[in-house]
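Listing of target12.csv; format and content: CSV, C-alpha atoms.
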```csv
chain,number,residue,atom,x,y,z
A,1,MET,CA,-83.6,32.9,-208.6
A,2,ALA,CA,-83.8,35.3,-211.5
A,3,ASP,CA,-86.5,34.3,-214.0
A,4,ALA,CA,-84.5,35.5,-217.0
A,5,VAL,CA,-80.9,36.5,-217.7
A,6,ARG,CA,-80.1,39.5,-219.9
A,7,VAL,CA,-77.2,37.5,-221.3
A,8,ASP,CA,-77.1,39.8,-224.3
A,9,SER,CA,-75.6,42.5,-222.1
A,10,ALA,CA,-74.2,40.3,-219.2
A,11,ARG,CA,-70.7,40.0,-217.9
A,12,ILE,CA,-70.0,36.3,-218.4
A,13,LEU,CA,-67.2,34.2,-216.8
A,14,ALA,CA,-66.1,31.4,-219.2
A,15,THR,CA,-63.6,29.2,-217.5
A,16,GLY,CA,-61.3,27.1,-219.5
A,17,ALA,CA,-62.3,29.1,-222.6
A,18,ALA,CA,-58.8,29.2,-224.2
A,19,GLY,CA,-59.4,25.5,-225.0
A,20,PHE,CA,-61.2,24.0,-228.0
A,21,ILE,CA,-65.0,24.2,-227.1
A,22,GLY,CA,-64.7,27.3,-224.9
A,23,SER,CA,-62.8,29.4,-227.5
A,24,ASN,CA,-65.3,28.5,-230.2
A,25,TRP,CA,-68.1,29.4,-227.8
A,26,VAL,CA,-66.5,32.8,-227.0
A,27,ARG,CA,-66.3,33.6,-230.7
A,28,MET,CA,-70.0,32.8,-231.1
A,29,ALA,CA,-71.1,34.6,-227.9
A,30,LEU,CA,-69.3,37.9,-228.7
A,31,ALA,CA,-70.9,37.9,-232.2
A,32,ARG,CA,-74.4,36.9,-230.9
A,33,TRP,CA,-74.5,39.3,-228.0
A,34,PRO,CA,-72.9,42.7,-229.0
A,35,ARG,CA,-73.1,44.2,-225.5
A,36,ALA,CA,-71.9,41.2,-223.6
A,37,HIS,CA,-68.4,41.1,-222.0
A,38,VAL,CA,-66.7,37.7,-221.5
A,39,VAL,CA,-64.1,37.1,-218.8
A,40,VAL,CA,-61.9,34.0,-219.6
A,41,LEU,CA,-60.2,32.3,-216.7
A,42,ASP,CA,-57.8,29.6,-218.0
A,43,ALA,CA,-54.8,27.9,-216.4
A,44,LEU,CA,-53.3,27.4,-219.9
A,45,THR,CA,-52.3,23.8,-219.3
A,46,TYR,CA,-51.3,21.8,-222.4
A,47,ALA,CA,-54.6,22.2,-224.2
A,48,GLY,CA,-55.2,25.9,-223.4
A,49,ASN,CA,-53.9,28.3,-226.0
A,50,ARG,CA,-54.2,32.1,-226.0
A,51,ALA,CA,-53.9,31.9,-229.8
A,52,ASN,CA,-57.4,30.3,-229.9
A,53,LEU,CA,-58.8,33.7,-228.8
A,54,ALA,CA,-56.7,35.8,-231.3
A,55,GLY,CA,-58.5,38.4,-233.3
A,56,LEU,CA,-61.4,39.0,-230.9
A,57,ASP,CA,-62.5,42.4,-229.6
A,58,GLU,CA,-60.3,42.9,-226.6
A,59,SER,CA,-62.6,45.7,-225.3
A,60,ARG,CA,-65.2,43.0,-224.7
A,61,LEU,CA,-62.9,40.2,-223.7
A,62,SER,CA,-60.8,39.9,-220.5
A,63,PHE,CA,-58.3,37.2,-220.0
A,64,ILE,CA,-57.1,36.0,-216.5
A,65,HIS,CA,-54.4,33.4,-216.3
A,66,GLY,CA,-55.5,31.3,-213.3
A,67,ASP,CA,-56.8,27.9,-212.0
A,68,ILE,CA,-60.4,27.1,-211.1
A,69,ARG,CA,-59.0,25.1,-208.1
A,70,GLU,CA,-57.8,28.3,-206.5
A,71,PRO,CA,-60.6,30.1,-204.6
A,72,ALA,CA,-58.9,33.5,-204.6
A,73,MET,CA,-58.4,33.4,-208.3
A,74,VAL,CA,-62.0,32.3,-208.9
A,75,ALA,CA,-63.2,35.1,-206.7
A,76,LYS,CA,-61.2,37.6,-208.7
A,77,ALA,CA,-62.4,36.3,-212.0
A,78,MET,CA,-66.1,36.1,-211.0
A,79,GLU,CA,-66.2,39.7,-209.7
A,80,GLY,CA,-69.1,41.5,-211.4
A,81,CYS,CA,-70.2,38.4,-213.4
A,82,ASP,CA,-73.8,37.3,-213.5
A,83,VAL,CA,-73.3,34.2,-215.6
A,84,VAL,CA,-70.8,31.4,-215.4
A,85,VAL,CA,-70.1,28.8,-218.1
A,86,ASN,CA,-67.6,26.1,-216.9
A,87,PHE,CA,-65.6,24.7,-219.8
A,88,ALA,CA,-62.6,24.0,-217.7
A,89,ALA,CA,-61.7,20.3,-217.5
A,90,GLU,CA,-59.1,17.7,-217.9
A,91,SER,CA,-60.8,15.8,-220.8
A,92,MET,CA,-58.7,13.0,-222.3
A,93,VAL,CA,-59.4,9.4,-221.2
A,94,ASP,CA,-55.8,8.3,-222.0
A,95,ARG,CA,-54.3,11.0,-219.8
A,96,SER,CA,-56.8,10.1,-217.0
A,97,ILE,CA,-55.7,6.5,-217.0
A,98,ASP,CA,-52.1,7.7,-216.7
A,99,ASP,CA,-52.8,10.5,-214.1
A,100,PRO,CA,-56.2,10.2,-212.5
A,101,GLY,CA,-55.5,12.6,-209.6
A,102,SER,CA,-55.2,15.7,-211.7
A,103,PHE,CA,-58.6,14.9,-213.3
A,104,LEU,CA,-60.3,14.6,-209.9
A,105,LEU,CA,-58.8,17.9,-208.7
A,106,THR,CA,-60.0,19.9,-211.8
A,107,ASP,CA,-63.2,18.1,-212.8
A,108,THR,CA,-64.6,17.7,-209.3
A,109,TYR,CA,-62.9,19.9,-206.8
A,110,GLY,CA,-62.5,22.7,-209.3
A,111,VAL,CA,-66.3,22.6,-209.9
A,112,PHE,CA,-66.8,22.8,-206.1
A,113,VAL,CA,-64.7,26.0,-205.9
A,114,LEU,CA,-66.7,27.6,-208.7
A,115,LEU,CA,-70.0,26.6,-207.2
A,116,GLU,CA,-69.0,28.0,-203.8
A,117,GLU,CA,-68.2,31.4,-205.3
A,118,ALA,CA,-71.3,31.3,-207.5
A,119,LYS,CA,-73.4,30.6,-204.4
A,120,ARG,CA,-71.8,33.5,-202.5
A,121,ARG,CA,-72.4,35.9,-205.3
A,122,GLY,CA,-75.9,34.8,-206.3
A,123,VAL,CA,-75.2,34.5,-210.0
A,124,SER,CA,-78.2,34.2,-212.3
A,125,ARG,CA,-77.0,31.3,-214.4
A,126,PHE,CA,-74.3,28.6,-214.0
A,127,VAL,CA,-73.8,26.1,-216.9
A,128,GLN,CA,-71.8,23.0,-216.0
A,129,ILE,CA,-70.4,21.4,-219.1
A,130,SER,CA,-70.5,17.6,-218.5
A,131,THR,CA,-70.1,14.8,-221.0
A,132,ASP,CA,-72.0,11.8,-222.4
A,133,GLU,CA,-69.2,9.6,-221.0
A,134,VAL,CA,-70.8,9.8,-217.6
A,135,TYR,CA,-73.4,7.4,-218.8
A,136,GLY,CA,-70.7,4.8,-219.5
A,137,GLU,CA,-71.0,2.3,-222.3
A,138,VAL,CA,-74.4,2.4,-224.0
A,139,MET,CA,-75.2,-0.7,-226.0
A,140,GLY,CA,-79.0,-0.3,-226.2
A,141,ASP,CA,-81.2,2.6,-227.1
A,142,PRO,CA,-79.7,6.1,-226.9
A,143,VAL,CA,-79.7,7.2,-223.3
A,144,THR,CA,-81.9,10.0,-221.9
A,145,GLU,CA,-81.1,12.4,-219.1
A,146,GLU,CA,-82.7,10.0,-216.7
A,147,GLY,CA,-80.3,7.2,-217.5
A,148,PRO,CA,-78.0,5.9,-214.8
A,149,LEU,CA,-74.4,7.3,-214.5
A,150,LEU,CA,-72.0,4.5,-214.9
A,151,PRO,CA,-68.6,6.0,-215.7
A,152,ARG,CA,-65.9,3.4,-216.6
A,153,ASN,CA,-62.7,5.5,-216.6
A,154,PRO,CA,-61.2,8.2,-214.3
A,155,TYR,CA,-62.1,11.0,-216.7
A,156,ALA,CA,-65.7,10.1,-216.9
A,157,ALA,CA,-65.9,9.5,-213.1
A,158,SER,CA,-64.4,12.9,-212.3
A,159,LYS,CA,-66.8,14.6,-214.7
A,160,ALA,CA,-69.7,12.7,-213.1
A,161,GLY,CA,-68.5,14.0,-209.7
A,162,GLY,CA,-68.7,17.6,-210.9
A,163,ASP,CA,-72.0,17.0,-212.7
A,164,ARG,CA,-73.6,15.6,-209.5
A,165,LEU,CA,-72.1,18.3,-207.3
A,166,ALA,CA,-73.6,21.0,-209.5
A,167,PHE,CA,-77.0,19.3,-209.3
A,168,ALA,CA,-76.6,19.2,-205.5
A,169,TYR,CA,-75.9,22.9,-205.3
A,170,SER,CA,-79.1,23.4,-207.3
A,171,ALA,CA,-81.2,21.2,-205.0
A,172,THR,CA,-79.6,22.3,-201.7
A,173,TYR,CA,-78.7,26.0,-202.2
A,174,ASN,CA,-81.0,27.0,-205.2
A,175,VAL,CA,-78.0,27.9,-207.4
A,176,PRO,CA,-79.5,28.2,-210.9
A,177,ILE,CA,-77.6,25.4,-212.5
A,178,ILE,CA,-77.9,23.9,-216.0
A,179,ILE,CA,-76.0,20.7,-216.7
A,180,THR,CA,-75.2,19.7,-220.2
A,181,ARG,CA,-74.0,16.3,-221.4
A,182,CYS,CA,-72.6,16.6,-224.9
A,183,SER,CA,-71.3,13.9,-227.3
A,184,ASN,CA,-67.9,13.9,-229.1
A,185,ASN,CA,-67.1,17.4,-230.5
A,186,TYR,CA,-65.0,18.1,-233.5
A,187,GLY,CA,-64.1,21.3,-235.4
A,188,PRO,CA,-61.4,24.0,-235.5
A,189,TYR,CA,-58.9,24.6,-232.7
A,190,GLN,CA,-59.2,21.1,-231.3
A,191,TYR,CA,-56.0,20.0,-229.6
A,192,PRO,CA,-54.4,17.2,-231.7
A,193,GLU,CA,-54.5,14.5,-229.0
A,194,LYS,CA,-58.2,13.9,-229.9
A,195,LEU,CA,-59.1,11.4,-232.6
A,196,ILE,CA,-60.0,13.7,-235.6
A,197,PRO,CA,-57.3,16.3,-235.3
A,198,LEU,CA,-54.7,13.6,-234.5
A,199,PHE,CA,-55.6,11.6,-237.5
A,200,VAL,CA,-55.9,14.6,-239.8
A,201,THR,CA,-52.5,16.1,-238.8
A,202,ASN,CA,-50.8,12.7,-238.7
A,203,ALA,CA,-52.1,12.0,-242.3
A,204,LEU,CA,-50.9,15.4,-243.4
A,205,GLU,CA,-47.4,14.5,-242.0
A,206,ASP,CA,-47.5,11.0,-243.5
A,207,LYS,CA,-47.4,9.5,-240.0
A,208,PRO,CA,-49.3,6.4,-238.8
A,209,LEU,CA,-52.9,6.7,-237.7
A,210,PRO,CA,-53.1,4.6,-234.5
A,211,VAL,CA,-56.5,2.9,-234.4
A,212,TYR,CA,-57.2,1.3,-231.0
A,213,GLY,CA,-58.2,-2.4,-231.4
A,214,SER,CA,-60.7,-3.2,-234.1
A,215,GLY,CA,-61.7,0.5,-234.6
A,216,LYS,CA,-65.3,-0.4,-234.2
A,217,ASN,CA,-65.9,1.8,-231.2
A,218,ARG,CA,-68.9,4.1,-232.0
A,219,ARG,CA,-69.7,7.6,-231.0
A,220,ASP,CA,-72.3,10.3,-231.6
A,221,TRP,CA,-70.3,13.1,-233.3
A,222,ILE,CA,-71.3,16.8,-233.1
A,223,HIS,CA,-69.7,19.8,-234.7
A,224,VAL,CA,-68.5,22.3,-232.1
A,225,GLU,CA,-70.7,25.1,-233.5
A,226,ASP,CA,-73.8,23.1,-232.9
A,227,HIS,CA,-72.8,22.5,-229.3
A,228,CYS,CA,-72.0,26.2,-228.8
A,229,GLU,CA,-75.4,27.1,-230.3
A,230,ALA,CA,-77.2,24.9,-227.8
A,231,LEU,CA,-75.3,26.5,-224.9
A,232,CYS,CA,-76.3,30.0,-226.1
A,233,MET,CA,-79.9,29.0,-226.4
A,234,LEU,CA,-79.8,27.6,-222.9
A,235,LEU,CA,-78.5,30.8,-221.6
A,236,GLU,CA,-81.1,32.8,-223.3
A,237,ALA,CA,-84.0,30.7,-222.1
A,238,PRO,CA,-86.1,31.6,-219.0
A,239,ALA,CA,-85.0,30.1,-215.8
A,240,ALA,CA,-88.3,28.3,-215.3
A,241,GLN,CA,-87.5,26.3,-218.4
A,242,VAL,CA,-83.9,25.4,-217.8
A,243,ALA,CA,-82.7,26.0,-214.2
A,244,GLY,CA,-82.0,22.9,-212.3
A,245,GLU,CA,-82.3,20.8,-215.5
A,246,THR,CA,-79.9,18.5,-217.4
A,247,PHE,CA,-79.8,18.4,-221.2
A,248,ASN,CA,-78.2,15.9,-223.5
A,249,ILE,CA,-76.7,17.6,-226.6
A,250,GLY,CA,-76.0,15.2,-229.5
A,251,SER,CA,-76.3,15.0,-233.3
A,252,GLY,CA,-78.1,11.6,-233.3
A,253,ARG,CA,-75.5,10.4,-235.9
A,254,GLU,CA,-73.1,7.7,-235.0
A,255,TRP,CA,-69.8,6.9,-236.7
A,256,ASP,CA,-67.1,4.3,-235.7
A,257,VAL,CA,-63.4,5.0,-235.8
A,258,LEU,CA,-62.7,3.1,-239.0
A,259,GLU,CA,-65.5,5.0,-240.8
A,260,ILE,CA,-64.0,8.3,-239.7
A,261,THR,CA,-60.4,7.1,-240.5
A,262,SER,CA,-61.5,6.1,-244.0
A,263,ARG,CA,-63.1,9.5,-244.7
A,264,ILE,CA,-60.0,11.4,-243.3
A,265,LEU,CA,-57.7,9.4,-245.7
A,266,GLU,CA,-60.0,10.2,-248.6
A,267,LEU,CA,-60.1,14.0,-247.7
A,268,THR,CA,-56.4,14.2,-247.3
A,269,GLY,CA,-55.5,12.0,-250.3
A,270,LYS,CA,-53.5,9.6,-248.2
A,271,PRO,CA,-53.2,5.8,-248.5
A,272,ALA,CA,-54.8,3.2,-246.2
A,273,SER,CA,-51.3,1.9,-245.4
A,274,LEU,CA,-50.9,4.7,-242.9
A,275,VAL,CA,-53.5,3.0,-240.6
A,276,GLN,CA,-52.0,1.0,-237.7
A,277,HIS,CA,-54.3,-1.1,-235.5
A,278,VAL,CA,-52.7,-0.9,-232.1
A,279,GLU,CA,-53.3,-2.5,-228.7
A,280,ASP,CA,-56.5,-1.1,-227.2
A,281,ARG,CA,-56.6,1.0,-224.1
A,282,PRO,CA,-58.0,-0.4,-220.8
A,283,GLY,CA,-61.8,-0.3,-220.4
A,284,HIS,CA,-62.4,1.2,-223.8
A,285,ASP,CA,-66.2,1.9,-224.0
A,286,ARG,CA,-67.6,0.4,-227.2
A,287,ARG,CA,-70.4,3.0,-227.8
A,288,TYR,CA,-71.9,6.2,-226.5
A,289,ALA,CA,-75.3,7.3,-227.8
A,290,LEU,CA,-77.5,10.2,-226.7
A,291,ASP,CA,-81.2,10.9,-226.9
A,292,SER,CA,-81.3,14.7,-227.3
A,293,SER,CA,-85.1,15.0,-227.6
A,294,LYS,CA,-85.4,17.0,-224.4
A,295,ILE,CA,-83.5,20.1,-225.6
A,296,ALA,CA,-85.1,19.7,-229.0
A,297,SER,CA,-88.6,19.8,-227.5
A,298,ALA,CA,-87.8,22.6,-224.9
A,299,LEU,CA,-85.9,25.0,-227.1
A,300,GLY,CA,-86.2,23.8,-230.7
A,301,TRP,CA,-82.5,23.1,-230.9
A,302,ARG,CA,-81.2,20.5,-233.4
A,303,ALA,CA,-77.7,19.9,-234.8
A,304,LYS,CA,-77.3,21.6,-238.2
A,305,HIS,CA,-74.0,20.3,-239.4
A,306,ALA,CA,-74.1,17.0,-241.4
A,307,PHE,CA,-71.0,15.0,-240.3
A,308,GLU,CA,-69.7,14.6,-243.8
A,309,ASP,CA,-69.7,18.3,-244.5
A,310,GLY,CA,-68.4,19.3,-241.0
A,311,LEU,CA,-65.6,16.8,-241.3
A,312,ALA,CA,-64.6,18.1,-244.7
A,313,GLN,CA,-64.6,21.7,-243.3
A,314,THR,CA,-62.5,20.6,-240.4
A,315,VAL,CA,-59.9,18.8,-242.5
A,316,ARG,CA,-59.6,22.0,-244.6
A,317,TRP,CA,-59.1,24.1,-241.5
A,318,TYR,CA,-56.2,21.9,-240.4
A,319,GLN,CA,-54.7,21.9,-243.9
A,320,GLU,CA,-54.8,25.7,-243.9
A,321,ARG,CA,-53.7,26.2,-240.3
A,322,ARG,CA,-50.4,24.4,-240.0
A,323,ASP,CA,-49.2,27.5,-238.3
A,324,TRP,CA,-51.6,26.6,-235.4
A,325,TRP,CA,-51.0,22.9,-235.0
A,326,GLU,CA,-47.4,22.3,-236.0
A,327,PRO,CA,-45.9,24.2,-233.0
A,328,ILE,CA,-48.2,22.3,-230.7
A,329,LYS,CA,-47.1,18.9,-232.0
A,330,ALA,CA,-43.5,20.0,-231.7
A,331,GLY,CA,-43.8,20.7,-227.9
A,332,GLU,CA,-45.2,18.8,-224.9
A,333,PHE,CA,-47.4,16.9,-227.3
A,334,ARG,CA,-44.4,14.9,-228.7
A,335,GLU,CA,-43.5,13.5,-225.2
A,336,TYR,CA,-47.2,12.7,-224.6
A,337,TYR,CA,-47.5,10.9,-228.0
A,338,GLU,CA,-44.5,8.8,-227.4
A,339,ARG,CA,-45.8,7.8,-223.9
A,340,MET,CA,-49.2,6.9,-225.3
A,341,TYR,CA,-48.3,5.2,-228.5
A,342,GLY,CA,-44.5,4.6,-228.7
A,343,LYS,CA,-44.6,1.3,-226.8
A,344,ARG,CA,-48.1,0.2,-227.8
A,345,LYS,CA,-48.1,-3.1,-229.7
A,346,VAL,CA,-49.0,-2.8,-233.4
A,347,LEU,CA,-51.6,-5.5,-234.2
A,348,ARG,CA,-51.8,-5.0,-238.0
A,349,ALA,CA,-51.6,-2.3,-240.7
A,350,GLY,CA,-54.3,-1.1,-243.1
A,351,MET,CA,-58.1,-0.7,-243.0
A,352,GLY,CA,-59.1,-4.3,-242.3
A,353,SER,CA,-61.8,-5.0,-239.8
```
Once more with this new file: its structure as structure tokens, please.
Amino acid sequence: MADAVRVDSARILATGAAGFIGSNWVRMALARWPRAHVVVLDALTYAGNRANLAGLDESRLSFIHGDIREPAMVAKAMEGCDVVVNFAAESMVDRSIDDPGSFLLTDTYGVFVLLEEAKRRGVSRFVQISTDEVYGEVMGDPVTEEGPLLPRNPYAASKAGGDRLAFAYSATYNVPIIITRCSNNYGPYQYPEKLIPLFVTNALEDKPLPVYGSGKNRRDWIHVEDHCEALCMLLEAPAAQVAGETFNIGSGREWDVLEITSRILELTGKPASLVQHVEDRPGHDRRYALDSSKIASALGWRAKHAFEDGLAQTVRWYQERRDWWEPIKAGEFREYYERMYGKRKVLRAGMGS
């Protein structure tokens, strides 16, 4: 196992990096490491978008249209790469309830395919992006990396499978794995099925904001740039400090859905009458909460974006980038939205508790 990775000049495979978090990370990585080359392998399913990578230096960025579930495609993409960062995932709880099989294939089997190729090639660093949702519902103190994994929906369960498979390849085959479990991300380029971009764009279109149940479900929210900064620091750290380890990445600030909804309406200048409390989804976790003291202690990382400021910046981005999200909401998304919300019972309107 290599003690350190010259990530500043490495050839890096970033899977699923035409999506939200991955594309933001690629932008940061290319700016941070001027001699690095990033290879993006992305299947360009509904949330993958080549436009997310527009304007980047094509001499330092290669794009391969392919699926992490296909060994031959993974072998081609990983050729010459010393570092792997796996952003590829099916990542929407609602979709996992509707179609759990595709989540299992990508989030668990796809990770297996990547790990097998990484083992064969002897890569110096492999980062598996997991999620705080593997811990399940957290109603007490924020959970540490030693907390039990108790996923309560097919998405979280499939991510837990990939998470533990990565750990097993570290323990069994000495593959230099780092596992990260991050809280809810927000920021530019996020596909509008997620809470914040959905509510912002719906508000801008004067469409209802569908709040599940009471809207009191709480999450730790982190700006995507803070998440990406943590990933970069983990790649720069010596292997002795991070290889084989799991790190929570969270802001330590919790907000519930109604609080976020209220701020979005204020920032967009829209009325509370747009809010619709609708029938809740099955098994909806009431709260996720992370203890991120391990990465703070090990690397000195802490989230820099205050949620109020980050949300305002994000709302402005969606206000200014209708050219990005309006075509998305006119395509496959429209069918998905109707399937998810069209027949869901409306409980009440407005911002009441």
Counting all atoms listed in the file, the residue of A:Ala298, A:Met351, A:Ala160, A:Val175 that sits nearest A:Ala243: A:Val175
Atom pair atom CA of A:Thr201 / atom CA of A:Gly22: separation (Å):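 Distance reported for this atom pair: 21.6 Å.
When all atoms listed in the file are used to measure the gap to A:Ser273, the shortest distance among A:Leu209, A:Val224, A:Ala240, A:Ala118 belongs to A:Leu209.
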Closest of A:Val83, A:Ala168, A:Val275, A:Val242 to A:Ser214 - atom-to-atom distances counting all atoms listed in the file: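 Of A:Val83, A:Ala168, A:Val275, A:Val242, the one nearest A:Ser214, counting all atoms listed in the file, is A:Val275.
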Who sits within 9 Å of A:Ala349, all atoms listed in the file, same chain under 6 positions skipped, as a VMD selection string: chain A and resid 272 to 278
Selection: 12 Å around A:Pro154, all atoms listed in the file, excl. self and same-chain fewer than 6 positions, as a list in words: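 With the cut-off at 12 Å, the set is Glu90, Ser91, Met92, Val93, Asp94, Arg95, Ser96, Ile97, Asp98, Asp99, Pro100, Gly101, Ser102, Phe103, Leu104, Leu105, Asp107, Thr108, Glu133, Val134, Gly136, Ala160, Gly161, Pro282, Gly283 and His284 of chain A.
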Neighbours of point (-78.9, 29.1, -210.2) within 10 Å, using all atoms listed in the file, written as a list in words: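 Residues satisfying the cut-off, written out: Met1, Ala2, Asp3, Val83, Val84, Leu115, Ala118, Lys119, Gly122, Val123, Ser124, Arg125, Phe126, Val127, Ala166, Tyr169, Ser170, Ala171, Tyr173, Asn174, Val175, Pro176, Ile177, Ile178, Ala239, Val242, Ala243 and Gly244 of chain A.
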Distance criterion (all atoms listed in the file): nearest to A:Cys182 out of A:Trp221, A:Tyr318, A:Tyr155, A:Tyr337: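 Closest to A:Cys182 of all the choices is A:Trp221.
Atom CA of A:Val315 to atom CA of A:Leu204 spans 9.7 Å [interatomic distance, one decimal].
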Separation of atom CA of A:Ala36 from atom CA of A:Pro238, in Å and rounded to one decimal: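 One can read the atom CA of A:Ala36 to atom CA of A:Pro238 distance as 17.7 Å.
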Given only C-alpha atoms as the counted atoms, nearest of A:Thr180, A:Ala312, A:Arg219, A:Arg253 to A:Lys294: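 Closest to A:Lys294 of all the choices is A:Thr180.
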Test item: which residues lie within 7 Å of (-61.9, 21.2, -233.6) counting all atoms listed in the file, as a list in words: Phe20, Tyr186, Gly187, Pro188, Tyr189, Gln190, Pro197, Val224 and Thr314 of chain A
